[in-house]
Amino acid sequence: MFKYHKSVIASFLGLLISAPAMAAAAIPGIIPAPVEVEMRDGVFAFGAGTVVRCHSYELQPLAGYLYRKTGRRATVEGVAGFHGAHNIVWLEVDPARGLPAEGYTLEVGTDTVRITGADRAGLFYGIQTLRQLLPPGDNILVPVAEIPCLRITDYPRFPYRGFTLDVARTFSPFEEVIRLLDLMAFHKMNRFHWHLTDDEGWRLPLECYPELAREGGFRGAGSPVRNIYGAWGERYGGGITPGSR
C-alpha cells in the first residue's frame, strides 16, 4: 500500500515544480524548484567533522533534527559564534531579512553552510533543501558529501500544500504514517489531512460509542464490514488507541 502512497506523492510533486528553468537545471534534486539559485565556485565538505550550531537555544531541536536526518556523525553544539568558524552548519531565524512566511535563504560556502529562516517553519524547510543536496542514504558508503557552493532564496507559492491519507478504507500502521509525514516534510508539504472515519472503516475511538472502533475498525471474518483488497477470509484492520504514539 505504501508504494501507492509514494506514487501519489510523485504525482503531486510534479504539479509543485514551477520555478525558473535555470534554477531547476542547475540543481535538479531540489523539489519544489527554488525561487532563486545563484551557483558559486567551490564545495562544502559535509562529513564527520561537520558541526551543527544554532543562533539560539530555542533552535536546538532543529539542530538535532538535522543531525538525525543527515545520517552523519555531525556534532550538535548549542549557541556559539558564527564568524570565523570552519566546517559548520549555522541555523538562525531572522524576520528582518524580509522574506515571506516559511521563506529561507541557504548559503553554502567552502567553510560554512548558513540557513536563515523568516520563521521557524522557513528554517525547517531550508533544512529540507540541505537534505536534498546531500546524497541519499545514511552515509555508510559516503562518509563525506561535497555540496556545491551556492545561494538559494526560496519561499512557497501556495500557503496550503496538503496531502490526504485515507486510512478508513485500508488501515495504515503507525510506522507507515510516520514515514509518509517525513516524506511530506522532505518535499515541503505543510498540511496533513488524515481521513480516519467512514462507513468502510472507523479508526477513531469514542468513549460514548466504543463499538465504532472496536468493531467498525476491522474488516472480514465476522466483521460488519466485508473484506476486500485480496484479504479474503481474513480479519484485518486497527485504529488509534488512547495513549499511543
# chains A, B, ... in the order shown; residues from 1 in each chain; ligands from 1
>>> select_by_dssp(residues="range 129-222 of chain A", states="strand (DSSP E or B)", output="list of chain:residue names")
A:Ala145, A:Glu146, A:Ile147, A:Pro148, A:Cys149, A:Leu150, A:Arg151, A:Ile152, A:Thr153, A:Asp154, A:Gly162, A:Phe163, A:Thr164, A:Leu165, A:Asp166, A:Arg191, A:Phe192, A:His193, A:Trp194, A:His195, A:Thr197, A:Asp198, A:Gly201, A:Trp202, A:Phe218, A:Arg219
>>> closest_atom_pairs(of="range 99-175 of chain A", to="range 199-218 of chain A", cutoff="12 Å", atoms="only C-alpha atoms", output="tab-separated table")
residue	atom	partner	partner_atom	distance
A:Asp166	CA	A:Gly201	CA	10.0
A:Val167	CA	A:Arg203	CA	7.7
A:Ala168	CA	A:Gly201	CA	4.5
A:Arg169	CA	A:Glu200	CA	5.5
A:Thr170	CA	A:Gly201	CA	7.7
A:Phe171	CA	A:Arg203	CA	8.2
A:Ser172	CA	A:Arg203	CA	10.2
A:Pro173	CA	A:Arg203	CA	11.3
>>> residues_around(residues="range 103-113 of chain A", least_positions_apart="2", cutoff="6 Å", atoms="only C-alpha atoms", output="PyMOL selection string")
chain A and resi 43-44+86-89+99-101+115-118+122+126+149-155
>>> write_last_selection(atoms="N, CA and C atoms", output="tab-separated table (two decimals), in the first residue's frame")
chain	number	residue	atom	x	y	z
A	43	VAL	N	33.20	23.83	-3.11
A	43	VAL	CA	32.30	22.88	-2.48
A	43	VAL	C	32.47	22.94	-0.96
A	44	PHE	N	31.44	22.49	-0.26
A	44	PHE	CA	31.49	22.34	1.19
A	44	PHE	C	31.54	20.85	1.51
A	86	HIS	N	34.78	27.13	11.12
A	86	HIS	CA	35.06	26.32	9.93
A	86	HIS	C	34.28	25.02	9.99
A	87	ASN	N	33.81	24.59	8.82
A	87	ASN	CA	33.09	23.33	8.66
A	87	ASN	C	31.89	23.23	9.60
A	88	ILE	N	31.05	24.25	9.58
A	88	ILE	CA	29.85	24.25	10.42
A	88	ILE	C	28.62	24.49	9.55
A	89	VAL	N	27.49	24.06	10.08
A	89	VAL	CA	26.18	24.42	9.54
A	89	VAL	C	25.53	25.33	10.57
A	99	LEU	N	11.83	38.14	4.15
A	99	LEU	CA	11.30	37.02	3.38
A	99	LEU	C	9.84	36.76	3.75
A	100	PRO	N	9.04	36.24	2.82
A	100	PRO	CA	7.66	35.85	3.16
A	100	PRO	C	7.65	34.72	4.19
A	101	ALA	N	6.49	34.48	4.77
A	101	ALA	CA	6.33	33.39	5.73
A	101	ALA	C	6.79	32.07	5.12
A	115	ILE	N	21.86	28.69	7.05
A	115	ILE	CA	20.44	28.61	6.73
A	115	ILE	C	19.72	29.63	7.59
A	116	THR	N	19.06	30.57	6.95
A	116	THR	CA	18.33	31.64	7.66
A	116	THR	C	16.87	31.56	7.28
A	117	GLY	N	16.01	31.37	8.27
A	117	GLY	CA	14.58	31.29	8.01
A	117	GLY	C	13.86	32.58	8.38
A	118	ALA	N	12.81	32.90	7.65
A	118	ALA	CA	11.97	34.02	8.02
A	118	ALA	C	11.26	33.73	9.34
A	122	GLY	N	10.30	28.38	8.06
A	122	GLY	CA	11.22	28.63	6.96
A	122	GLY	C	12.56	27.97	7.20
A	126	GLY	N	14.39	25.14	4.92
A	126	GLY	CA	15.77	25.29	4.46
A	126	GLY	C	16.60	24.06	4.78
A	149	CYS	N	28.91	25.05	-3.71
A	149	CYS	CA	28.71	26.38	-3.14
A	149	CYS	C	27.63	27.11	-3.94
A	150	LEU	N	26.71	27.73	-3.23
A	150	LEU	CA	25.58	28.40	-3.88
A	150	LEU	C	24.85	29.27	-2.89
A	151	ARG	N	23.91	30.01	-3.38
A	151	ARG	CA	22.97	30.76	-2.54
A	151	ARG	C	21.56	30.52	-3.09
A	152	ILE	N	20.67	30.08	-2.22
A	152	ILE	CA	19.28	29.82	-2.59
A	152	ILE	C	18.38	30.74	-1.79
A	153	THR	N	17.47	31.39	-2.48
A	153	THR	CA	16.39	32.13	-1.84
A	153	THR	C	15.09	31.46	-2.23
A	154	ASP	N	14.28	31.10	-1.25
A	154	ASP	CA	13.08	30.32	-1.56
A	154	ASP	C	11.96	30.66	-0.59
A	155	TYR	N	10.74	30.59	-1.10
A	155	TYR	CA	9.53	30.74	-0.29
A	155	TYR	C	8.40	30.11	-1.08
>>> closest_residue(among="A:Pro143, A:Arg68, A:Pro34, A:Val93", to="Gly49 in chain A", atoms="only C-alpha atoms")
A:Pro143
>>> closest_residue(among="A:His187, A:Arg40, A:Lys69, A:His195", to="Tyr125 in chain A", atoms="only C-alpha atoms")
A:His187
>>> closest_residue(among="A:Val225, A:Leu62, A:Ala48, A:Ala85", to="Gln128 in chain A", atoms="only C-alpha atoms")
A:Leu62
